[in-house]
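The file input.txt contains compact mmCIF, C-alpha atoms:
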```txt
# COMPACT_ATOMS: atom_id res chain seq x y z
CA MET Z 1 95.11 140.38 80.34
CA ASP Z 2 98.30 138.86 78.86
CA MET Z 3 96.91 135.38 78.45
CA LEU Z 4 96.78 133.36 75.26
CA ASP Z 5 93.54 133.96 73.37
CA PHE Z 6 94.12 131.93 70.21
CA LEU Z 7 96.71 129.97 68.23
CA SER Z 8 96.79 128.99 64.56
CA PHE Z 9 99.47 127.23 62.49
CA HIS Z 10 100.34 127.19 58.80
CA GLY Z 11 103.13 124.98 57.51
CA VAL Z 12 104.37 124.07 60.97
CA GLY Z 13 103.41 121.16 63.21
CA PRO Z 14 101.69 117.87 62.35
CA ALA Z 15 99.45 119.25 59.54
CA PRO Z 16 99.64 121.84 56.75
CA VAL Z 17 97.02 123.91 58.58
CA LEU Z 18 96.11 123.46 62.24
CA GLY Z 19 93.70 125.48 64.33
CA PRO Z 20 92.66 127.96 65.31
CA LEU Z 21 92.43 127.20 69.01
CA ALA Z 22 90.04 129.67 70.64
CA LEU Z 23 91.48 129.29 74.13
CA GLY Z 24 89.53 129.89 77.31
CA PRO Z 25 90.96 132.26 79.94
CA ARG Z 26 91.00 129.57 82.66
CA LEU Z 27 91.16 125.85 81.76
CA ASN Z 28 91.99 124.32 78.39
CA PHE Z 29 92.27 120.57 77.84
CA ILE Z 30 93.84 118.92 74.77
CA THR Z 31 93.21 115.22 74.11
CA GLY Z 32 94.20 112.96 71.23
CA ASP Z 33 96.19 109.87 70.28
CA ASN Z 34 99.95 109.65 70.72
CA GLY Z 35 101.98 111.37 68.04
CA LEU Z 36 99.27 113.76 66.82
CA GLY Z 37 100.75 116.93 68.28
CA LYS Z 38 99.60 117.60 71.85
CA SER Z 39 103.14 118.35 73.01
CA PHE Z 40 103.72 120.42 69.87
CA VAL Z 41 100.76 122.66 70.72
CA LEU Z 42 102.16 123.20 74.22
CA ASP Z 43 105.65 123.88 72.84
CA ALA Z 44 104.16 126.40 70.40
CA ALA Z 45 102.17 128.07 73.17
CA TRP Z 46 105.38 128.38 75.19
CA TRP Z 47 107.17 129.83 72.16
CA VAL Z 48 104.65 132.59 71.42
CA LEU Z 49 104.34 133.40 75.14
CA THR Z 50 108.09 133.61 75.82
CA GLY Z 51 109.89 133.93 72.50
CA THR Z 52 112.21 131.10 73.61
CA PRO Z 53 112.27 127.38 72.74
CA ALA Z 54 110.88 124.81 75.16
CA ALA Z 55 114.06 123.24 76.56
CA ASP Z 56 115.88 121.56 73.64
CA ARG Z 57 112.78 121.23 71.43
CA ARG Z 58 112.86 123.89 68.75
CA ILE Z 59 109.87 124.53 66.50
CA THR Z 60 110.81 124.20 62.84
CA PRO Z 61 108.57 124.46 59.76
CA GLN Z 62 107.60 121.70 57.39
CA ALA Z 63 109.77 121.28 54.31
CA ASP Z 64 108.82 123.08 51.08
CA VAL Z 65 106.03 125.17 52.63
CA ALA Z 66 105.65 128.77 51.50
CA ALA Z 67 105.68 131.32 54.36
CA PRO Z 68 105.23 129.07 57.42
CA SER Z 69 103.65 131.03 60.27
CA ILE Z 70 102.24 130.88 63.77
CA ASP Z 71 99.41 133.32 64.45
CA TYR Z 72 98.34 134.19 67.97
CA ARG Z 73 96.67 136.82 70.10
CA LEU Z 74 97.09 137.77 73.73
CA GLY Z 75 94.46 139.25 75.96
CA GLY Z 76 91.19 139.01 74.02
CA THR Z 77 89.52 140.70 71.09
CA ASP Z 78 90.70 144.21 72.01
CA ARG Z 79 94.31 143.22 71.21
CA SER Z 80 95.78 142.99 67.71
CA PRO Z 81 96.98 139.56 66.57
CA GLY Z 82 100.68 138.77 66.50
CA GLN Z 83 102.50 136.50 64.11
CA TRP Z 84 105.76 134.58 63.88
CA VAL Z 85 106.93 134.05 60.29
CA TRP Z 86 109.77 131.76 59.18
CA GLU Z 87 112.23 133.64 56.96
CA TYR Z 88 115.89 133.07 56.18
CA GLY Z 89 116.13 130.05 58.46
CA ARG Z 90 114.68 131.61 61.61
CA TRP Z 91 111.47 132.93 63.14
CA HIS Z 92 110.71 136.65 62.91
CA HIS Z 93 107.98 138.43 64.83
CA VAL Z 94 105.69 140.70 62.84
CA GLY Z 95 102.42 142.50 63.50
CA ALA Z 96 101.41 143.53 67.00
CA VAL Z 97 103.92 144.57 69.64
CA ASP Z 98 105.64 141.48 70.99
CA THR Z 99 104.36 141.72 74.56
CA ARG Z 100 104.67 138.70 76.83
CA PRO Z 101 102.96 137.53 80.00
CA ALA Z 102 104.86 138.10 83.22
CA LEU Z 103 104.83 134.46 84.33
CA VAL Z 104 104.69 131.21 82.37
CA VAL Z 105 105.36 127.74 83.80
CA TYR Z 106 105.72 124.63 81.61
CA ALA Z 107 105.65 121.16 83.20
CA HIS Z 108 107.06 118.62 80.74
CA ALA Z 109 106.02 114.98 80.67
CA ASP Z 110 109.61 113.86 81.38
CA GLY Z 111 109.68 115.63 84.75
CA GLY Z 112 111.53 118.75 83.57
CA PHE Z 113 110.19 122.29 83.88
CA GLY Z 114 110.49 125.64 82.17
CA VAL Z 115 109.78 128.98 83.83
CA TRP Z 116 109.50 132.36 82.12
CA ASP Z 117 109.56 135.49 84.27
CA SER Z 118 109.46 138.68 82.23
CA LEU Z 119 111.14 140.59 85.05
CA ARG Z 120 113.91 138.17 85.94
CA ASN Z 121 114.54 137.14 82.31
CA THR Z 122 114.95 140.75 81.17
CA GLY Z 123 118.06 140.98 79.03
CA SER Z 124 118.38 137.19 78.85
CA PRO Z 125 117.60 135.34 75.61
CA GLU Z 126 116.54 132.22 77.47
CA ALA Z 127 114.01 131.25 80.09
CA PHE Z 128 114.81 129.10 83.13
CA HIS Z 129 114.92 125.36 82.40
CA PHE Z 130 115.25 122.68 85.07
CA SER Z 131 115.83 118.98 84.70
CA GLN Z 132 114.09 116.67 87.15
CA THR Z 133 117.34 116.34 89.12
CA GLU Z 134 117.92 120.10 89.26
CA LEU Z 135 114.37 120.67 90.46
CA TRP Z 136 114.89 118.30 93.37
CA GLN Z 137 118.50 118.95 94.29
CA GLY Z 138 119.00 122.50 93.07
CA THR Z 139 121.11 124.09 90.36
CA ALA Z 140 124.85 124.64 90.43
CA SER Z 141 126.21 127.97 91.68
CA THR Z 142 127.25 130.54 89.08
CA GLU Z 143 128.75 134.02 89.15
CA HIS Z 144 125.22 135.29 89.84
CA GLY Z 145 124.63 132.85 92.71
CA ARG Z 146 122.42 129.76 92.86
CA LEU Z 147 119.27 130.01 90.78
CA CYS Z 148 117.27 127.28 92.53
CA ASN Z 149 117.90 125.59 95.89
CA GLY Z 150 115.71 122.64 94.93
CA LEU Z 151 112.61 121.09 96.43
CA ILE Z 152 114.44 119.05 99.08
CA HIS Z 153 116.30 122.03 100.55
CA ASP Z 154 113.43 124.49 100.27
CA TRP Z 155 110.85 122.12 101.79
CA VAL Z 156 112.96 121.69 104.93
CA ARG Z 157 113.75 125.42 105.10
CA TRP Z 158 110.08 126.38 104.71
CA GLN Z 159 109.05 123.78 107.25
CA ARG Z 160 111.45 125.27 109.81
CA THR Z 161 110.29 128.84 109.08
CA PRO Z 162 107.41 129.92 111.37
CA ARG Z 163 104.20 130.83 109.50
CA SER Z 164 105.73 130.07 106.10
CA ALA Z 165 103.21 130.78 103.32
CA ALA Z 166 105.11 128.45 100.98
CA PHE Z 167 104.94 125.55 103.42
CA ALA Z 168 101.27 126.25 104.04
CA ALA Z 169 100.68 125.95 100.28
CA LEU Z 170 102.51 122.63 100.15
CA LYS Z 171 100.40 121.30 103.01
CA GLN Z 172 97.27 122.54 101.25
CA LEU Z 173 98.20 120.58 98.11
CA LEU Z 174 98.84 117.44 100.13
CA LYS Z 175 95.48 117.81 101.85
CA ALA Z 176 93.68 118.35 98.53
CA LEU Z 177 95.27 115.24 97.03
CA SER Z 178 94.80 112.96 100.03
CA PRO Z 179 92.82 109.87 98.95
CA SER Z 180 90.64 109.96 102.07
CA ALA Z 181 90.36 111.34 105.59
CA GLU Z 182 91.90 108.10 106.83
CA GLU Z 183 94.86 108.40 104.44
CA MET Z 184 95.90 112.03 104.73
CA LEU Z 185 99.21 113.13 103.24
CA LEU Z 186 100.94 114.92 106.11
CA PRO Z 187 104.51 116.26 106.37
CA GLY Z 188 106.70 114.49 108.89
CA LYS Z 189 109.88 115.49 110.66
CA PRO Z 190 112.91 115.94 108.34
CA CYS Z 191 115.44 113.12 108.43
CA TYR Z 192 118.90 112.05 107.26
CA LEU Z 193 119.54 109.15 104.88
CA GLY Z 194 122.73 107.20 105.42
CA MET Z 195 125.84 108.02 107.44
CA LEU Z 196 127.66 109.84 104.64
CA ASP Z 197 124.85 112.10 103.37
CA ASP Z 198 124.65 115.46 105.17
CA THR Z 199 121.36 116.38 103.46
CA GLU Z 200 118.18 116.73 105.51
CA TYR Z 201 115.28 115.23 103.59
CA PRO Z 202 111.55 116.01 103.90
CA THR Z 203 109.29 113.18 104.96
CA LEU Z 204 105.62 112.25 104.69
CA ARG Z 205 103.58 110.46 107.30
CA ARG Z 206 101.96 107.53 105.53
CA PRO Z 207 99.86 104.61 106.82
CA GLN Z 208 102.96 102.42 106.54
CA GLY Z 209 105.00 104.91 108.59
CA VAL Z 210 107.18 107.97 107.99
CA VAL Z 211 108.61 107.89 104.46
CA PRO Z 212 111.46 110.14 103.22
CA LEU Z 213 110.29 112.14 100.21
CA PRO Z 214 112.84 110.55 97.80
CA HIS Z 215 111.39 107.14 98.76
CA THR Z 216 107.77 108.07 98.12
CA SER Z 217 105.87 107.04 95.01
CA SER Z 218 106.50 108.60 91.62
CA ALA Z 219 102.98 110.04 91.84
CA ILE Z 220 103.75 112.01 95.01
CA ARG Z 221 107.03 113.20 93.56
CA ARG Z 222 105.21 114.35 90.40
CA VAL Z 223 102.57 116.42 92.18
CA MET Z 224 105.08 117.90 94.61
CA ALA Z 225 107.26 118.94 91.67
CA LEU Z 226 104.26 120.62 90.01
CA ALA Z 227 103.43 122.54 93.17
CA TYR Z 228 107.04 123.42 93.98
CA THR Z 229 107.73 124.87 90.52
CA VAL Z 230 104.75 127.21 90.78
CA LEU Z 231 105.83 128.17 94.31
CA TRP Z 232 109.42 128.77 93.20
CA ALA Z 233 108.31 130.87 90.22
CA TRP Z 234 105.85 132.98 92.22
CA ARG Z 235 108.13 133.58 95.22
CA GLY Z 236 111.07 134.47 92.99
CA HIS Z 237 108.90 136.83 90.99
CA GLN Z 238 107.62 138.54 94.12
CA ARG Z 239 111.17 138.98 95.43
CA ALA Z 240 112.33 140.46 92.11
CA CYS Z 241 109.34 142.84 92.09
CA ARG Z 242 110.20 144.12 95.56
CA GLN Z 243 113.81 144.70 94.53
CA ALA Z 244 112.74 146.48 91.34
CA GLY Z 245 110.01 148.48 93.06
CA VAL Z 246 107.24 147.29 90.73
CA GLY Z 247 103.97 145.46 91.24
CA PRO Z 248 103.77 141.66 90.76
CA ALA Z 249 102.18 139.89 87.83
CA ALA Z 250 98.43 139.65 87.56
CA GLU Z 251 98.43 136.48 85.43
CA LEU Z 252 100.11 133.09 85.30
CA VAL Z 253 99.98 130.77 82.28
CA PHE Z 254 100.55 127.15 83.34
CA LEU Z 255 101.27 124.57 80.61
CA VAL Z 256 101.15 120.91 81.69
CA ASP Z 257 101.98 117.96 79.43
CA GLU Z 258 100.37 114.67 80.50
CA VAL Z 259 99.20 115.97 83.85
CA GLU Z 260 98.22 112.42 84.88
CA CYS Z 261 101.80 111.09 84.65
CA HIS Z 262 102.39 108.44 87.36
CA LEU Z 263 99.08 109.24 89.09
CA HIS Z 264 96.73 106.56 90.37
CA ALA Z 265 93.11 106.89 89.30
CA LYS Z 266 92.19 108.31 92.72
CA TRP Z 267 94.64 111.16 92.19
CA GLN Z 268 93.91 111.75 88.51
CA ARG Z 269 90.47 113.04 89.43
CA ARG Z 270 91.94 115.36 92.08
CA ILE Z 271 94.99 116.88 90.42
CA ILE Z 272 93.50 119.84 88.48
CA PRO Z 273 91.19 121.07 91.29
CA ALA Z 274 94.08 120.63 93.75
CA LEU Z 275 96.53 122.66 91.65
CA LEU Z 276 94.00 125.45 91.15
CA SER Z 277 93.30 125.49 94.88
CA VAL Z 278 97.00 125.69 95.76
CA ILE Z 279 97.68 128.54 93.32
CA GLU Z 280 94.68 130.50 94.57
CA GLY Z 281 95.74 129.98 98.17
CA LEU Z 282 99.36 130.89 97.48
CA THR Z 283 98.53 134.16 95.74
CA ARG Z 284 95.44 134.97 97.84
CA ARG Z 285 93.39 134.95 94.61
CA ARG Z 286 95.32 137.94 93.22
CA LEU Z 287 96.72 135.93 90.34
CA ALA Z 288 94.52 134.93 87.40
CA VAL Z 289 95.57 131.49 86.14
CA GLN Z 290 95.23 130.09 82.63
CA MET Z 291 96.02 126.37 82.32
CA ILE Z 292 96.61 124.53 79.04
CA VAL Z 293 96.71 120.81 79.80
CA ALA Z 294 97.44 117.85 77.54
CA THR Z 295 95.95 114.63 78.86
CA HIS Z 296 95.23 111.00 78.00
CA SER Z 297 93.09 110.53 81.09
CA PRO Z 298 89.28 110.41 81.01
CA LEU Z 299 89.37 110.78 84.81
CA VAL Z 300 90.98 114.21 84.48
CA LEU Z 301 88.04 115.37 82.38
CA ALA Z 302 85.51 113.58 84.58
CA SER Z 303 86.96 115.44 87.58
CA MET Z 304 85.93 118.75 86.01
CA GLU Z 305 82.27 117.95 85.31
CA ALA Z 306 81.08 119.97 88.32
CA GLN Z 307 83.52 122.85 87.70
CA PHE Z 308 83.81 123.25 83.93
CA ASP Z 309 82.64 126.73 82.89
CA GLU Z 310 81.95 127.06 79.16
CA ASP Z 311 82.56 130.81 79.34
CA ARG Z 312 86.08 130.33 80.71
CA ASP Z 313 87.12 126.80 79.76
CA ALA Z 314 87.59 124.84 76.53
CA LEU Z 315 88.15 121.26 75.35
CA PHE Z 316 90.07 120.35 72.17
CA THR Z 317 90.80 117.04 70.44
CA LEU Z 318 93.50 116.16 67.93
CA GLY Z 319 92.43 113.44 65.52
CA LEU Z 320 92.93 112.07 62.03
CA GLN Z 321 90.46 112.90 59.26
CA GLU Z 322 91.24 111.56 55.78
CA GLY Z 323 94.88 111.13 56.75
CA GLN Z 324 95.33 114.68 58.04
CA VAL Z 325 95.65 115.77 61.65
CA GLN Z 326 92.76 118.01 62.66
CA LEU Z 327 92.34 120.05 65.82
CA VAL Z 328 88.69 120.36 66.81
CA GLN Z 329 87.09 122.17 69.71
CA GLN Z 330 84.62 119.83 71.36
CA PRO Z 331 81.37 121.12 72.85
CA TRP Z 332 81.47 120.38 76.56
CA ALA Z 333 79.01 117.70 77.61
CA ARG Z 334 78.93 115.86 80.90
CA GLN Z 335 79.48 112.15 80.25
CA GLY Z 336 78.52 110.94 83.70
CA ASP Z 337 81.26 108.36 84.12
CA VAL Z 338 84.67 107.38 82.81
CA VAL Z 339 83.30 104.72 80.44
CA ASN Z 340 81.28 107.36 78.59
CA TRP Z 341 84.35 109.62 78.45
CA LEU Z 342 86.39 106.80 76.90
CA VAL Z 343 83.91 106.37 74.04
CA SER Z 344 83.38 110.11 73.59
CA GLU Z 345 84.97 112.15 70.79
CA SER Z 346 87.71 113.23 73.21
CA PHE Z 347 89.21 109.73 73.46
CA GLY Z 348 87.61 107.91 70.55
CA LEU Z 349 87.40 104.32 71.74
CA ARG Z 350 84.62 102.41 70.03
CA GLN Z 351 84.12 100.39 73.21
CA ALA Z 352 85.65 100.67 76.67
CA ARG Z 353 86.69 96.99 76.64
CA SER Z 354 89.59 94.73 75.80
CA LEU Z 355 90.37 94.37 72.10
CA GLU Z 356 89.24 90.73 72.27
CA ALA Z 357 85.87 91.65 73.78
CA GLU Z 358 85.39 94.43 71.24
CA ALA Z 359 86.12 92.05 68.37
CA ALA Z 360 83.71 89.45 69.77
CA ILE Z 361 80.90 91.99 70.13
CA ASP Z 362 81.55 93.38 66.65
CA ALA Z 363 81.28 89.87 65.23
CA ALA Z 364 78.13 89.15 67.26
CA GLU Z 365 76.47 92.36 66.06
CA ALA Z 366 77.38 91.59 62.45
CA TRP Z 367 75.95 88.07 62.90
CA MET Z 368 72.70 89.47 64.30
CA ARG Z 369 72.41 91.83 61.30
CA GLY Z 370 72.88 88.93 58.92
CA GLN Z 371 76.29 90.20 57.72
CA ARG Z 372 78.04 86.84 57.91
CA THR Z 373 80.33 86.75 54.90
CA ARG Z 374 83.26 88.83 56.16
CA LEU Z 375 83.58 87.81 59.78
CA PRO Z 376 87.14 87.57 61.14
CA ALA Z 377 88.94 84.25 61.43
CA GLY Z 378 87.93 82.38 64.56
CA LEU Z 379 84.63 84.27 64.79
CA GLU Z 380 82.93 82.89 61.70
CA THR Z 381 80.22 80.80 63.33
CA GLU Z 382 77.65 81.32 66.02
CA ALA Z 383 79.41 78.77 68.22
CA GLN Z 384 82.77 80.50 67.88
CA ILE Z 385 81.24 83.87 68.69
CA GLN Z 386 79.42 82.41 71.70
CA ALA Z 387 82.64 80.86 72.99
CA ARG Z 388 84.55 84.15 72.62
CA LEU Z 389 81.81 86.14 74.34
CA LEU Z 390 81.87 83.69 77.24
CA GLN Z 391 85.64 84.08 77.41
CA THR Z 392 85.71 87.89 77.35
CA LEU Z 393 82.46 89.17 78.91
CA PRO Z 394 81.32 88.94 82.54
CA ALA Z 395 78.03 87.17 83.27
CA GLY Z 396 76.18 90.39 84.01
CA ASP Z 397 77.35 92.33 80.96
CA HIS Z 398 74.67 94.47 79.33
CA PHE Z 399 75.39 92.93 75.90
CA TRP Z 400 74.17 89.45 76.86
CA PRO Z 401 70.42 90.16 76.59
CA CYS Z 402 70.84 91.45 73.02
CA TRP Z 403 72.80 88.38 71.97
CA VAL Z 404 70.60 85.91 73.84
CA VAL Z 405 67.37 87.27 72.35
CA ALA Z 406 68.88 87.18 68.85
CA LYS Z 407 69.99 83.55 69.12
CA GLY Z 408 67.22 82.30 71.37
CA GLY Z 409 69.53 81.22 74.16
CA VAL Z 410 69.87 81.70 77.88
CA VAL Z 411 71.80 84.40 79.68
CA PRO Z 412 74.95 82.77 81.12
```
Take the structure I supplied and represent it as structure tokens, if you would.
Amino acid sequence: MDMLDFLSFHGVGPAPVLGPLALGPRLNFITGDNGLGKSFVLDAAWWVLTGTPAADRRITPQADVAAPSIDYRLGGTDRSPGQWVWEYGRWHHVGAVDTRPALVVYAHADGGFGVWDSLRNTGSPEAFHFSQTELWQGTASTEHGRLCNGLIHDWVRWQRTPRSAAFAALKQLLKALSPSAEEMLLPGKPCYLGMLDDTEYPTLRRPQGVVPLPHTSSAIRRVMALAYTVLWAWRGHQRACRQAGVGPAAELVFLVDEVECHLHAKWQRRIIPALLSVIEGLTRRRLAVQMIVATHSPLVLASMEAQFDEDRDALFTLGLQEGQVQLVQQPWARQGDVVNWLVSESFGLRQARSLEAEAAIDAAEAWMRGQRTRLPAGLETEAQIQARLLQTLPAGDHFWPCWVVAKGGVVP
């Protein structure tokens, strides 16, 4: 299958050497602090999959590095590795035949999207790139016609089309993301906004009433954009296949940067299962999907504890070791709750508390160990530590018994 099997970097990206990533064929999660290269890894994956830059972000090598390269392999161990090498100011492909997956979708954190379709992009040096506005309102007409009608127009058109598979998929996503049975996300009747706007807008039925889609929360707009882009890519690909007389793609690679953008905690733990469900329903399970997802959300990982398959899925973390960025594959282990995910290797917090509470506990633990010579200012005495703990910890906190026993006091 033409999915991404591994990636490795030399002289390009946030470190002299990065990787390899041994990617799973289904779900791949990348965590790590801001600025360590999560978006770079997604941009590089897009590059080797499509041979085109991700929007306006071009991958360039580090200065004064001999033979910068990106190594990759598609489709498993039976395929030869490929390589992109930087020579004479540009990337050159060497090694295995430069085959590419039929469909790749890239959801950027800023709301923009990229779509690669090996059939529709034949003869074109670039993939399709949409800004957030273009995705919602459609692209301008060209000599070849209008590339994308936009979510607003297509939603209303699909809603008015009897037995529309696309509209059924949109409703399925809304159902999967609904916070509860009492707060279902249901499409309403299309409406007009203002006396001078001739556009019919989709609506959602919400507890507070019928809300036009442009007036819904940024979270709803984010998830609808994710679903619509996959729908647009798949339907356009199917139409092109029928016109060309060839069979449709068997695989889709879906890259998502900061999948939790704008999402409330209730939706963060639903988004990945919901997207997988929608894609499976849309394609009637005929399309194998590989997702590579960058996330800062422990709830996104917690949502996968019942579904994570170590034979098909993988978890990676970008971190700093001795001043160098390292990319490490983490063994999957259920953490049980979000607090444990926060203090796991994937997110790296020492404690899932405020900075003030963490500092107070650190000082209290040092005091209990007898290490009292280098305590921070304002936490240098037992009384100061006690006052800060009272200020930052709730009465029932599990740290109180440790501190109380050590100082012979009473639990507050």
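Checking Z:Leu147, Z:Val223, Z:Leu186, Z:Leu342 one by one against Z:Val210, counting all atoms listed in the file, you find the shortest gap at Z:Leu186.
Minimum atom-to-atom distances from Z:Val253, Z:Ala176, Z:Leu196, Z:Tyr201 to Z:Leu49 were compared using all atoms listed in the file, and the lowest value belongs to Z:Val253.
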| Of the residues Z:Gln172, Z:Gly236, Z:His296, Z:Gly348, which is the one nearest to Z:Glu280, using all atoms listed in the file? |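 Nearest to Z:Glu280: Z:Gln172.
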Find the residues near Z:Asp311: any atom within 10 Å, counting all atoms listed in the file, skip ones fewer than 6 places away on the same chain, and give them as a short mmCIF file (atom, residue, chain, number, x, y, z; two decimals) with C-alpha atoms, in the coordinates of the input.
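Output saved as around.cif:
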```cif
data_model
loop_
_atom_site.label_atom_id
_atom_site.label_comp_id
_atom_site.auth_asym_id
_atom_site.auth_seq_id
_atom_site.Cartn_x
_atom_site.Cartn_y
_atom_site.Cartn_z
CA GLY Z 24 89.53 129.89 77.31
CA PRO Z 25 90.96 132.26 79.94
CA ARG Z 26 91.00 129.57 82.66
#
```
With 5 Å of padding per side, what axis-aligned box (centre and edge lengths, Å, one decimal) covers all the listed atoms of stretch 353-361 of chain Z? Give it as lines of an AutoDock Vina configuration file.
```
center_x = 85.6
center_y = 93.2
center_z = 72.5
size_x = 19.5
size_y = 17.5
size_z = 18.3
```
| remark: As a check of understanding: the span from atom CA of Z:Val211 to atom CA of Z:Trp234 is 28.1 Å
| request: Write out as number ranges by chain the residues lying within 9 Å of Z:Asn149, counting all atoms listed in the file and excluding same-chain residues fewer than 6 positions away. | output: Z: 134-140
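Distance annotation: of Z:Met291, Z:Val338, Z:Ala302, Z:Leu389, the residue with the minimal separation from Z:Asp362 is Z:Leu389; atom set is all atoms listed in the file.
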| Can you tell me, as a ChimeraX atom specification, what residues are no more than 9 Å from Z:Leu393 when counting only C-alpha atoms, ignoring any on the same chain fewer than 6 positions away? | /Z:357,399-400
Near-Z:Leu4 list (9 Å; only C-alpha atoms; drop same-chain fewer than 6 positions) as a PDB file with C-alpha atoms, keeping the file's coordinate frame:
```pdb
ATOM      1  CA  ALA Z  22      90.040 129.670  70.640  1.00  0.00           C
ATOM      2  CA  LEU Z  23      91.480 129.290  74.130  1.00  0.00           C
ATOM      3  CA  GLY Z  24      89.530 129.890  77.310  1.00  0.00           C
ATOM      4  CA  PRO Z  25      90.960 132.260  79.940  1.00  0.00           C
ATOM      5  CA  ALA Z  45     102.170 128.070  73.170  1.00  0.00           C
ATOM      6  CA  VAL Z  48     104.650 132.590  71.420  1.00  0.00           C
ATOM      7  CA  LEU Z  49     104.340 133.400  75.140  1.00  0.00           C
ATOM      8  CA  TYR Z  72      98.340 134.190  67.970  1.00  0.00           C
ATOM      9  CA  ARG Z  73      96.670 136.820  70.100  1.00  0.00           C
ATOM     10  CA  LEU Z  74      97.090 137.770  73.730  1.00  0.00           C
ATOM     11  CA  GLY Z  75      94.460 139.250  75.960  1.00  0.00           C
ATOM     12  CA  GLY Z  76      91.190 139.010  74.020  1.00  0.00           C
ATOM     13  CA  PRO Z 101     102.960 137.530  80.000  1.00  0.00           C
ATOM     14  CA  VAL Z 253      99.980 130.770  82.280  1.00  0.00           C
ATOM     15  CA  GLN Z 290      95.230 130.090  82.630  1.00  0.00           C
TER      16      GLN Z 290
END
```
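Using only C-alpha atoms for every distance, the candidate list Z:His92, Z:Pro376, Z:Ser178, Z:Val230 yields Z:Val230 as the residue closest to Z:Leu275.
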| query | Rounded to one decimal in Å, what is the spacing between atom CA of Z:Ala109 and atom CA of Z:Ser303? | reply |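 Computing it gives 20.3 Å between the two atoms.
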| field | Nearest candidate to Z:Asp110 (options Z:Glu251, Z:Gly37, Z:Thr203, Z:Glu258; using only C-alpha atoms) | value | Z:Glu258
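Between atom CA of Z:Ala102 and atom CA of Z:Cys148 the interatomic distance comes to 18.9 Å.
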| said: If we draw a sphere of 12 Å around (80.8, 123.9, 83.7), which residues have at least one atom in it when counting all atoms listed in the file? Please report them as a list in words. | reply: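 Here is the list of nearby residues: Arg26, Leu27, Leu301, Ala302, Ser303, Met304, Glu305, Ala306, Gln307, Phe308, Asp309, Glu310, Asp311, Arg312, Asp313, Ala314, Leu315, Pro331, Trp332, Ala333 and Arg334 of chain Z.
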| message | I want to know what sits within 9 Å of Z:Pro53, based on all atoms listed in the file, with residues of the same chain fewer than 4 positions away left out; could you give that as a list in words? | response |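 My reading of the contact set: Asp43, Ala44, Trp46, Trp47, Arg57, Arg58, Ile59, Glu126 and Ala127 of chain Z.
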| task | Around the point (77.1, 93.8, 77.0), in the coordinates given by the file, pick out the residues reaching within 12 Å, counting only C-alpha atoms, and return them as number ranges by chain. | result | Z: 351-353, 357-358, 360-362, 364-365, 389-390, 392-404, 411-412
